[in-house]
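*Asks:* Dropping in query21.cif, with mmCIF, C-alpha atoms.
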```
data_query
#
loop_
_atom_site.label_atom_id
_atom_site.label_comp_id
_atom_site.auth_asym_id
_atom_site.auth_seq_id
_atom_site.Cartn_x
_atom_site.Cartn_y
_atom_site.Cartn_z
CA MET A 23 94.52 10.04 74.51
CA GLN A 24 97.78 8.68 73.11
CA ASP A 25 96.28 5.30 72.20
CA LYS A 26 93.84 7.13 69.90
CA ILE A 27 96.31 9.37 68.11
CA TYR A 28 98.86 8.34 65.53
CA ILE A 29 102.10 9.95 66.73
CA ARG A 30 104.11 11.67 63.99
CA GLU A 31 107.61 11.50 65.40
CA TYR A 32 109.23 13.62 62.66
CA TYR A 33 107.50 16.70 63.94
CA LEU A 34 107.73 15.94 67.66
CA ASP A 35 111.50 15.65 67.21
CA LYS A 36 111.54 19.10 65.60
CA ILE A 37 109.49 20.81 68.31
CA ARG A 38 110.67 19.13 71.54
CA GLY A 39 113.68 21.40 71.91
CA PHE A 40 111.33 24.40 72.02
CA TYR A 41 108.76 23.08 74.53
CA HIS A 42 109.94 25.43 77.29
CA SER A 43 111.03 28.34 75.08
CA ASP A 44 109.27 31.71 74.98
CA LEU A 45 109.34 31.54 71.18
CA ILE A 46 105.85 31.10 69.77
CA LYS A 47 105.57 27.71 68.07
CA VAL A 48 103.59 28.09 64.83
CA ILE A 49 102.50 24.73 63.41
CA SER A 50 101.76 25.25 59.73
CA GLY A 51 100.77 23.09 56.80
CA ILE A 52 98.05 22.52 54.27
CA ARG A 53 94.52 22.20 55.67
CA ARG A 54 93.69 18.65 56.92
CA CYS A 55 97.33 17.51 57.01
CA GLY A 56 97.01 16.59 60.72
CA LYS A 57 97.92 19.75 62.64
CA SER A 58 95.12 19.40 65.22
CA CYS A 59 96.02 15.79 66.00
CA PHE A 60 99.65 16.81 66.22
CA MET A 61 98.71 19.46 68.79
CA LEU A 62 97.07 16.72 70.88
CA SER A 63 100.18 14.56 70.56
CA VAL A 64 102.27 17.48 71.85
CA ILE A 65 100.00 17.62 74.91
CA GLU A 66 100.50 13.90 75.53
CA ASP A 67 104.25 14.29 75.07
CA LEU A 68 104.33 17.16 77.59
CA LYS A 69 102.45 15.03 80.13
CA LYS A 70 104.80 12.12 79.51
CA ASN A 71 107.69 14.46 80.28
CA GLY A 72 106.26 15.48 83.63
CA VAL A 73 104.06 18.49 82.86
CA ALA A 74 100.95 18.54 85.04
CA GLU A 75 97.60 18.55 83.25
CA GLU A 76 96.48 21.73 85.06
CA ASP A 77 99.48 23.54 83.56
CA ILE A 78 98.29 22.82 80.00
CA ILE A 79 95.67 25.11 78.45
CA TYR A 80 94.26 23.82 75.16
CA LEU A 81 91.69 25.66 73.05
CA ASN A 82 90.41 24.39 69.72
CA LEU A 83 88.52 27.38 68.36
CA ASP A 84 86.68 25.22 65.83
CA LYS A 85 85.14 23.05 68.55
CA ARG A 86 81.77 23.47 70.23
CA GLY A 87 82.03 25.80 73.19
CA PHE A 88 84.77 27.91 71.63
CA THR A 89 83.28 28.96 68.30
CA LYS A 90 81.95 32.25 69.71
CA ILE A 91 85.47 33.41 70.60
CA LYS A 92 86.01 35.96 67.84
CA THR A 93 87.77 38.88 69.56
CA PRO A 94 91.10 39.25 71.40
CA GLU A 95 89.18 40.21 74.53
CA ALA A 96 87.08 37.03 74.42
CA LEU A 97 90.21 34.95 73.80
CA GLU A 98 92.03 36.51 76.76
CA GLU A 99 89.02 36.03 79.04
CA THR A 100 88.79 32.34 78.09
CA ILE A 101 92.50 31.81 78.77
CA GLU A 102 92.35 33.63 82.12
CA GLN A 103 89.46 31.44 83.24
CA ARG A 104 91.76 28.42 82.87
CA ILE A 105 94.68 29.81 84.91
CA SER A 106 94.41 28.60 88.52
CA ASP A 107 97.91 29.43 89.84
CA ASP A 108 101.17 31.15 88.90
CA HIS A 109 102.91 28.03 87.57
CA PHE A 110 104.53 28.07 84.13
CA LYS A 111 101.80 27.30 81.59
CA TYR A 112 101.69 25.66 78.18
CA LEU A 113 99.15 27.45 75.98
CA LEU A 114 98.00 25.63 72.84
CA ILE A 115 95.48 27.29 70.52
CA ASP A 116 94.14 25.49 67.45
CA GLU A 117 92.64 27.47 64.53
CA VAL A 118 93.77 30.74 66.11
CA GLN A 119 92.94 32.72 62.96
CA ASN A 120 89.27 32.51 63.97
CA VAL A 121 90.05 35.45 66.29
CA LYS A 122 90.60 38.65 64.33
CA GLY A 123 93.56 40.42 65.88
CA PHE A 124 94.73 37.36 67.84
CA GLU A 125 98.34 38.57 67.55
CA GLU A 126 98.05 41.18 70.32
CA THR A 127 96.77 38.59 72.79
CA ILE A 128 99.42 36.04 71.81
CA ASN A 129 102.16 38.66 72.07
CA ALA A 130 100.91 39.75 75.50
CA TYR A 131 101.15 36.21 76.89
CA ARG A 132 104.59 35.79 75.36
CA GLU A 133 105.75 39.04 76.96
CA ASP A 134 104.46 37.74 80.30
CA GLY A 135 107.32 35.20 80.26
CA ASN A 136 105.33 32.52 82.05
CA PHE A 137 103.91 30.80 78.98
CA SER A 138 105.06 28.46 76.24
CA ILE A 139 102.73 29.10 73.31
CA PHE A 140 101.75 26.81 70.42
CA ILE A 141 99.35 27.89 67.66
CA THR A 142 97.96 26.39 64.47
CA GLY A 143 95.86 27.87 61.71
CA SER A 144 94.56 26.92 58.30
CA ASN A 145 94.24 30.12 56.32
CA SER A 146 96.85 31.66 54.06
CA TYR A 147 97.17 34.76 56.22
CA LEU A 148 98.48 32.78 59.20
CA LEU A 149 100.85 30.88 56.95
CA SER A 150 102.18 33.93 55.14
CA GLY A 151 105.09 36.27 55.73
CA GLU A 152 102.71 38.79 57.32
CA LEU A 153 102.91 36.75 60.52
CA ALA A 154 106.55 37.74 61.06
CA THR A 155 105.61 41.39 61.49
CA LYS A 156 102.50 40.78 63.58
CA LEU A 157 104.30 38.49 66.03
CA THR A 158 107.41 40.71 66.09
CA GLY A 159 109.58 37.91 64.76
CA ARG A 160 109.47 35.97 68.02
CA TYR A 161 108.32 32.66 66.61
CA ILE A 162 109.48 29.47 64.94
CA GLU A 163 107.55 27.55 62.29
CA ILE A 164 107.12 23.79 62.40
CA GLU A 165 105.95 22.87 58.93
CA MET A 166 103.84 19.74 58.54
CA PHE A 167 103.23 17.76 55.37
CA THR A 168 100.60 15.16 54.60
CA LEU A 169 101.60 11.56 55.34
CA ASN A 170 104.62 10.26 53.47
CA PHE A 171 104.54 6.63 52.37
CA HIS A 172 106.26 5.40 55.56
CA GLU A 173 103.74 7.22 57.75
CA TYR A 174 100.91 6.05 55.48
CA LEU A 175 101.85 2.40 56.11
CA GLU A 176 102.35 2.98 59.83
CA MET A 177 99.05 4.78 60.25
CA LYS A 178 97.23 2.09 58.31
CA GLN A 179 98.52 -0.50 60.80
CA PHE A 180 97.70 1.87 63.68
CA LEU A 181 94.09 1.97 62.48
CA GLY A 182 93.97 -1.83 62.26
CA LYS A 183 93.85 -1.83 58.45
CA ALA A 184 95.53 -4.61 56.50
CA VAL A 185 98.65 -3.64 54.56
CA LYS A 186 98.86 -5.36 51.19
CA PRO A 187 101.75 -7.86 50.98
CA ASN A 188 102.74 -6.27 47.67
CA LEU A 189 103.94 -2.78 48.63
CA THR A 190 103.81 -1.68 45.00
CA GLU A 191 100.02 -1.97 45.15
CA GLU A 192 99.96 0.15 48.32
CA PHE A 193 102.29 2.67 46.70
CA THR A 194 100.03 3.00 43.66
CA GLU A 195 97.01 3.63 45.90
CA TYR A 196 99.04 6.14 47.91
CA ILE A 197 99.93 8.01 44.71
CA ARG A 198 96.31 8.13 43.58
CA PHE A 199 94.67 9.21 46.85
CA GLY A 200 97.55 11.00 48.57
CA GLY A 201 98.45 11.31 52.22
CA PHE A 202 95.66 13.26 53.91
CA PRO A 203 95.41 11.22 57.16
CA LYS A 204 91.63 10.85 57.27
CA THR A 205 91.65 9.22 53.83
CA LEU A 206 92.89 6.03 55.52
CA GLU A 207 89.67 5.71 57.51
CA PHE A 208 87.77 4.85 54.32
CA ASP A 209 88.02 1.43 52.69
CA GLN A 210 86.11 2.03 49.46
CA LEU A 211 88.02 3.84 46.72
CA GLU A 212 84.91 5.87 45.85
CA ASP A 213 84.71 7.10 49.46
CA LYS A 214 88.38 8.04 49.44
CA ASP A 215 87.87 9.97 46.23
CA THR A 216 84.81 11.79 47.60
CA TYR A 217 86.65 12.79 50.78
CA VAL A 218 89.79 13.99 48.98
CA SER A 219 87.77 15.99 46.45
CA GLY A 220 85.91 17.67 49.31
CA VAL A 221 89.14 18.56 51.11
CA ILE A 222 90.69 20.06 47.97
CA SER A 223 87.55 22.10 47.27
CA GLN A 224 87.55 23.38 50.85
CA ILE A 225 91.22 24.36 50.64
CA LEU A 226 90.71 26.24 47.38
CA ASP A 227 87.55 28.00 48.60
CA LYS A 228 88.69 28.95 52.12
CA ASP A 229 92.45 29.40 51.81
CA VAL A 230 92.89 30.62 48.26
CA ARG A 231 90.01 32.17 46.32
CA GLN A 232 88.94 34.49 49.15
CA HIS A 233 92.35 36.12 49.24
CA ARG A 234 92.17 39.90 48.97
CA LYS A 235 94.93 40.06 46.33
CA ILE A 236 92.90 38.08 43.79
CA ARG A 237 91.04 40.61 41.67
CA ASN A 238 90.34 38.39 38.66
CA ARG A 239 89.32 34.94 39.89
CA ALA A 240 88.95 33.49 36.40
CA VAL A 241 92.55 34.30 35.50
CA PHE A 242 93.78 33.16 38.90
CA ASP A 243 92.04 29.80 38.44
CA ARG A 244 93.70 29.39 35.03
CA VAL A 245 97.12 30.08 36.55
CA MET A 246 96.45 27.70 39.44
CA THR A 247 95.36 24.94 37.05
CA TYR A 248 98.48 25.48 34.94
CA ILE A 249 100.82 25.21 37.95
CA ILE A 250 99.04 22.15 39.38
CA ASN A 251 99.02 20.36 36.01
CA ASN A 252 102.71 21.12 35.39
CA PHE A 253 104.11 20.24 38.80
CA GLY A 254 107.71 19.07 38.65
CA ALA A 255 108.43 20.96 35.40
CA THR A 256 111.14 23.60 35.24
CA THR A 257 109.47 26.97 34.88
CA SER A 258 109.85 30.72 35.48
CA LEU A 259 107.64 33.78 35.68
CA SER A 260 108.56 34.73 32.11
CA SER A 261 107.85 31.26 30.68
CA ILE A 262 104.45 31.13 32.42
CA ALA A 263 103.60 34.63 31.19
CA ASP A 264 104.68 33.64 27.65
CA TYR A 265 102.44 30.58 27.75
CA PHE A 266 99.37 32.59 28.76
CA ARG A 267 100.09 35.34 26.25
CA ASN A 268 100.74 32.99 23.31
CA GLU A 269 98.44 30.03 24.05
CA GLU A 270 95.62 31.44 26.18
CA ARG A 271 95.66 35.00 24.77
CA ILE A 272 95.81 36.37 28.33
CA ASN A 273 98.28 39.06 29.32
CA ILE A 274 99.36 38.79 32.96
CA LEU A 275 101.71 41.30 34.56
CA PRO A 276 104.77 39.69 36.21
CA GLU A 277 103.89 41.18 39.61
CA THR A 278 100.33 39.79 39.35
CA LEU A 279 101.63 36.37 38.41
CA ASN A 280 104.12 36.48 41.27
CA ASN A 281 101.29 37.39 43.69
CA TYR A 282 99.20 34.46 42.49
CA LEU A 283 102.08 32.02 42.99
CA ASN A 284 102.75 33.43 46.45
CA ILE A 285 99.10 32.90 47.40
CA LEU A 286 99.34 29.23 46.38
CA GLU A 287 102.60 28.86 48.32
CA ASN A 288 101.25 30.56 51.43
CA ALA A 289 98.26 28.22 51.42
CA LYS A 290 100.78 25.35 51.25
CA ILE A 291 99.23 23.99 48.06
CA ILE A 292 102.53 24.20 46.20
CA TYR A 293 106.18 24.38 47.23
CA LYS A 294 108.83 26.19 45.25
CA CYS A 295 112.05 24.26 44.76
CA PRO A 296 114.79 26.71 43.69
CA ARG A 297 117.70 25.93 41.40
CA PHE A 298 121.20 25.58 42.84
CA ASP A 299 124.50 25.76 40.96
CA VAL A 300 126.74 22.84 41.94
CA LYS A 301 129.96 24.56 40.94
CA SER A 302 129.47 27.87 42.77
CA LYS A 303 127.30 26.39 45.58
CA LYS A 304 124.90 29.32 45.14
CA SER A 305 121.15 29.55 44.53
CA LEU A 306 120.11 30.70 41.06
CA ARG A 307 117.38 33.19 40.34
CA GLY A 308 114.75 32.76 37.67
CA GLU A 309 113.91 29.15 36.93
CA GLN A 310 112.53 26.77 39.54
CA LYS A 311 110.19 23.82 39.95
CA TYR A 312 106.93 23.66 41.87
CA TYR A 313 105.83 20.55 43.72
CA LEU A 314 102.43 19.76 45.20
CA ALA A 315 101.75 19.49 48.93
CA ASP A 316 99.90 16.28 48.11
CA LEU A 317 99.48 14.37 44.84
CA SER A 318 95.73 14.08 45.40
CA ILE A 319 95.52 17.78 44.51
CA TYR A 320 96.40 16.85 40.93
CA PHE A 321 94.28 13.71 40.65
CA SER A 322 91.18 15.28 42.22
CA ARG A 323 91.21 18.01 39.56
CA ASN A 324 91.86 15.83 36.50
CA VAL A 325 89.53 13.31 34.93
CA ASP A 326 92.48 11.53 33.30
CA ALA A 327 93.98 9.56 36.19
CA ARG A 328 96.94 8.14 34.25
CA ILE A 329 100.16 8.45 36.23
CA ASN A 330 103.11 10.33 34.76
CA TYR A 331 105.70 8.66 36.94
CA GLY A 332 108.53 11.15 36.35
CA PRO A 333 107.09 14.16 38.21
CA VAL A 334 105.03 11.96 40.54
CA LEU A 335 108.09 10.17 41.91
CA GLU A 336 110.01 13.44 42.15
CA ASN A 337 107.13 14.95 44.14
CA ILE A 338 107.07 12.02 46.56
CA VAL A 339 110.84 12.18 47.11
CA TYR A 340 110.76 15.97 47.49
CA THR A 341 108.10 16.07 50.24
CA TYR A 342 109.65 13.05 52.01
CA LEU A 343 113.05 14.75 52.24
CA CYS A 344 111.54 18.10 53.28
CA ALA A 345 109.59 16.42 56.08
CA LYS A 346 112.83 14.84 57.33
CA GLY A 347 114.53 18.22 57.53
CA TYR A 348 116.63 18.31 54.38
CA LYS A 349 117.00 21.58 52.47
CA VAL A 350 116.17 20.60 48.88
CA SER A 351 117.07 22.35 45.61
CA VAL A 352 117.15 21.49 41.91
CA GLY A 353 120.78 21.17 40.83
CA ARG A 354 122.42 22.73 37.80
CA ILE A 355 125.68 21.24 36.61
CA GLY A 356 126.71 23.24 33.55
CA ALA A 357 124.12 22.41 30.89
CA LEU A 358 122.86 19.38 32.84
CA GLU A 359 120.35 19.13 35.65
CA CYS A 360 120.48 17.02 38.80
CA ASP A 361 116.96 16.36 40.08
CA PHE A 362 117.77 17.26 43.68
CA ILE A 363 120.62 18.51 45.79
CA THR A 364 120.00 18.23 49.51
CA ARG A 365 121.81 19.93 52.35
CA ILE A 366 121.76 19.07 56.02
CA ASN A 367 124.43 20.09 58.54
CA ASP A 368 126.43 21.64 55.65
CA GLU A 369 126.73 18.26 53.91
CA TYR A 370 125.38 17.71 50.41
CA ARG A 371 123.71 14.77 48.69
CA TYR A 372 123.01 14.49 44.95
CA ILE A 373 119.87 12.67 43.80
CA GLN A 374 118.46 11.49 40.49
CA VAL A 375 114.87 10.19 40.41
CA ALA A 376 113.50 8.02 37.62
CA MET A 377 110.87 5.35 37.13
CA THR A 378 113.36 2.85 35.75
CA ILE A 379 116.84 2.51 34.24
CA MET A 380 116.20 -0.91 32.71
CA ASP A 381 117.21 0.25 29.24
CA GLU A 382 120.78 1.38 28.60
CA ARG A 383 119.90 4.75 27.11
CA THR A 384 117.87 5.81 30.17
CA GLU A 385 120.55 4.49 32.51
CA ASN A 386 123.25 6.55 30.80
CA ARG A 387 121.06 9.67 30.85
CA GLU A 388 120.40 9.37 34.59
CA TYR A 389 124.06 8.75 35.43
CA MET A 390 125.36 11.57 33.22
CA PRO A 391 124.93 14.46 35.74
CA PHE A 392 126.87 12.50 38.35
CA THR A 393 129.92 12.31 36.06
CA LYS A 394 130.16 16.12 36.10
CA ILE A 395 130.21 16.46 39.89
CA ARG A 396 133.76 16.83 41.19
CA ASP A 397 133.28 16.60 44.96
CA ASN A 398 132.92 13.39 46.94
CA TYR A 399 129.52 13.84 48.54
CA PRO A 400 127.24 10.78 48.15
CA LYS A 401 125.20 10.34 44.97
CA TYR A 402 121.86 8.55 44.91
CA LEU A 403 119.75 7.11 42.10
CA LEU A 404 116.16 6.45 43.20
CA THR A 405 113.92 4.33 40.96
CA ILE A 406 111.18 1.72 41.37
CA ASP A 407 113.39 -0.99 39.83
CA THR A 408 113.69 -4.16 41.89
CA LEU A 409 117.04 -5.01 40.29
CA LEU A 410 119.54 -2.46 41.57
CA GLN A 411 122.56 -1.28 39.61
CA LYS A 412 126.12 -0.96 40.93
CA ARG A 413 127.93 1.70 38.94
CA ASP A 414 130.46 4.48 39.55
CA GLY A 415 129.93 4.46 43.31
CA VAL A 416 126.34 5.71 42.94
CA ILE A 417 123.91 4.35 45.55
CA HIS A 418 120.91 2.87 43.71
CA LYS A 419 117.80 2.53 45.87
CA ASN A 420 114.24 1.39 45.27
CA ILE A 421 112.02 4.39 46.16
CA ILE A 422 109.22 2.28 47.64
CA ASP A 423 111.59 0.40 49.99
CA PHE A 424 113.64 3.52 50.75
CA ILE A 425 110.67 5.49 52.04
CA ALA A 426 108.77 2.54 53.54
CA LYS A 427 111.81 1.82 55.74
CA ASP A 428 112.13 5.51 56.67
CA GLU A 429 115.71 5.67 55.44
CA ASN A 430 117.96 8.71 55.41
CA LEU A 431 120.41 9.81 52.74
#
```
What would the structure in this file look like if it were written as structure tokens?
*Replies:*
Amino acid sequence: MQDKIYIREYYLDKIRGFYHSDLIKVISGIRRCGKSCFMLSVIEDLKKNGVAEEDIIYLNLDKRGFTKIKTPEALEETIEQRISDDHFKYLLIDEVQNVKGFEETINAYREDGNFSIFITGSNSYLLSGELATKLTGRYIEIEMFTLNFHEYLEMKQFLGKAVKPNLTEEFTEYIRFGGFPKTLEFDQLEDKDTYVSGVISQILDKDVRQHRKIRNRAVFDRVMTYIINNFGATTSLSSIADYFRNEERINILPETLNNYLNILENAKIIYKCPRFDVKSKKSLRGEQKYYLADLSIYFSRNVDARINYGPVLENIVYTYLCAKGYKVSVGRIGALECDFITRINDEYRYIQVAMTIMDERTENREYMPFTKIRDNYPKYLLTIDTLLQKRDGVIHKNIIDFIAKDENL
């Protein structure tokens, strides 16, 4: 099996320490980001570490033979049929939300104490805060993203596809069509576009618009379009409400707007990046930025495919760092803003992201926030320039090379 599956080591590293724990392992992420294949790679990793095949129970409830399992009773019966002895078992269930009331069965096997449980699901209910109550808080979440550029290049080679000698060309294609893994199986750009558009439509139809908290779908769609088209921009509930009241002549209550944004977050379509005050080292309420789970979400919904490199590059850096385990915030330094502040193991990193600093005015603007930071944590400037600047101790990196080489801050 392993020679057929691209192994995503980021996520195996995050989950390995919990293989034998009674905590339920919830693998979350936007639909089609690779959760099912990751589940199979966990199985291969367990076998490689000495777990016998008969001690692994794997159910993909979307696959033929399992699609009729719709009740907790049917799920339990199917699991019991696969238990041949009293050895410790590894129970992996893919698309578990297909069973209404699955939580009671999952909890029962966890209480048994003889199971390590892994589950995935694609709908916004499974990925929402409601899960914490239903599973009595006894779970951890392993959050998956679509392929970052490093994984994109690796998987392309894994599939036997040629990688262009000029990585900038690959990077441009990656921006346009995103990192949904199956996209790499198609060679024609038209086929890639058709596949991505279908995935986005499926996500919006199955994980978003059917949500019970959406009473006015037309208004919800307008809000969703606004957020997607303004990814990477500093915003707040009040500024969004003002826009719709003044420009669209639509009055939206703050709690309704907040519900709509939560639905998009729970479906993993957008991620909220909060603001963080550098001086006080505290999170700030109110304004934040939203980034997309995958850039193809934007391009599949817009006829104009021109690339606005500012937010696009920020989005790529944001999801790359999140996948690698960094806690990421937008930084406020007095009246200035630092694109990102990351924290890992109580150490901070300050990051500015720009397309280029080849003119002096842009260079000075990007370096300005760094001059206001008084501590000695590392500062990074990430651009797509090939000529790198040496100034004020700031580490200037080319974004394409930085991610392609899987570098850390």
*Asks:* Up to 9 Å from (99.5, 26.3, 46.7) in the file's coordinates: name the residues, counting only C-alpha atoms, as a count of residues only.
*Replies:* 19
*Asks:* Identify which of the residues A:Tyr161, A:Phe171, A:Tyr399, A:Tyr80 lies closest to Tyr196 of chain A, counting all atoms listed in the file when measuring atom-to-atom distances.
*Replies:*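 With all atoms listed in the file as the atom set, the closest residue is A:Phe171.
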*Asks:* Taking the file as I've supplied it (selection: the PyMOL selection byres ((chain A and resi 219-224) around 8)), which residues are included? Please answer as a list in words.
*Replies:*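 Checked against the file, the PyMOL selection byres ((chain A and resi 219-224) around 8) matches Arg53, Arg54, Asp215, Thr216, Tyr217, Val218, Ile225, Leu226, Asp227, Lys228, Asp229, Ile319, Ser322 and Arg323 of chain A.
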*Asks:* Spell out the residues picked by the PyMOL selection byres ((chain A and resi 34-43) around 12) here, as a PyMOL selection string.
*Replies:* chain A and resi 28-33+44-49+57+59-69+71+73+78+110-114+132+135-140+160-166+345-347
*Asks:* By how many Å are atom CA of Leu157 of chain A and atom CA of Leu81 of chain A apart?
*Replies:*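 Going from atom CA of Leu157 of chain A over to atom CA of Leu81 of chain A, I get 19.3 Å.
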*Asks:* Nearest to Val352 of chain A: which of A:Asp316, A:Ile406, A:Asn251, A:Thr257 is it, counting only C-alpha atoms?
*Replies:* A:Thr257
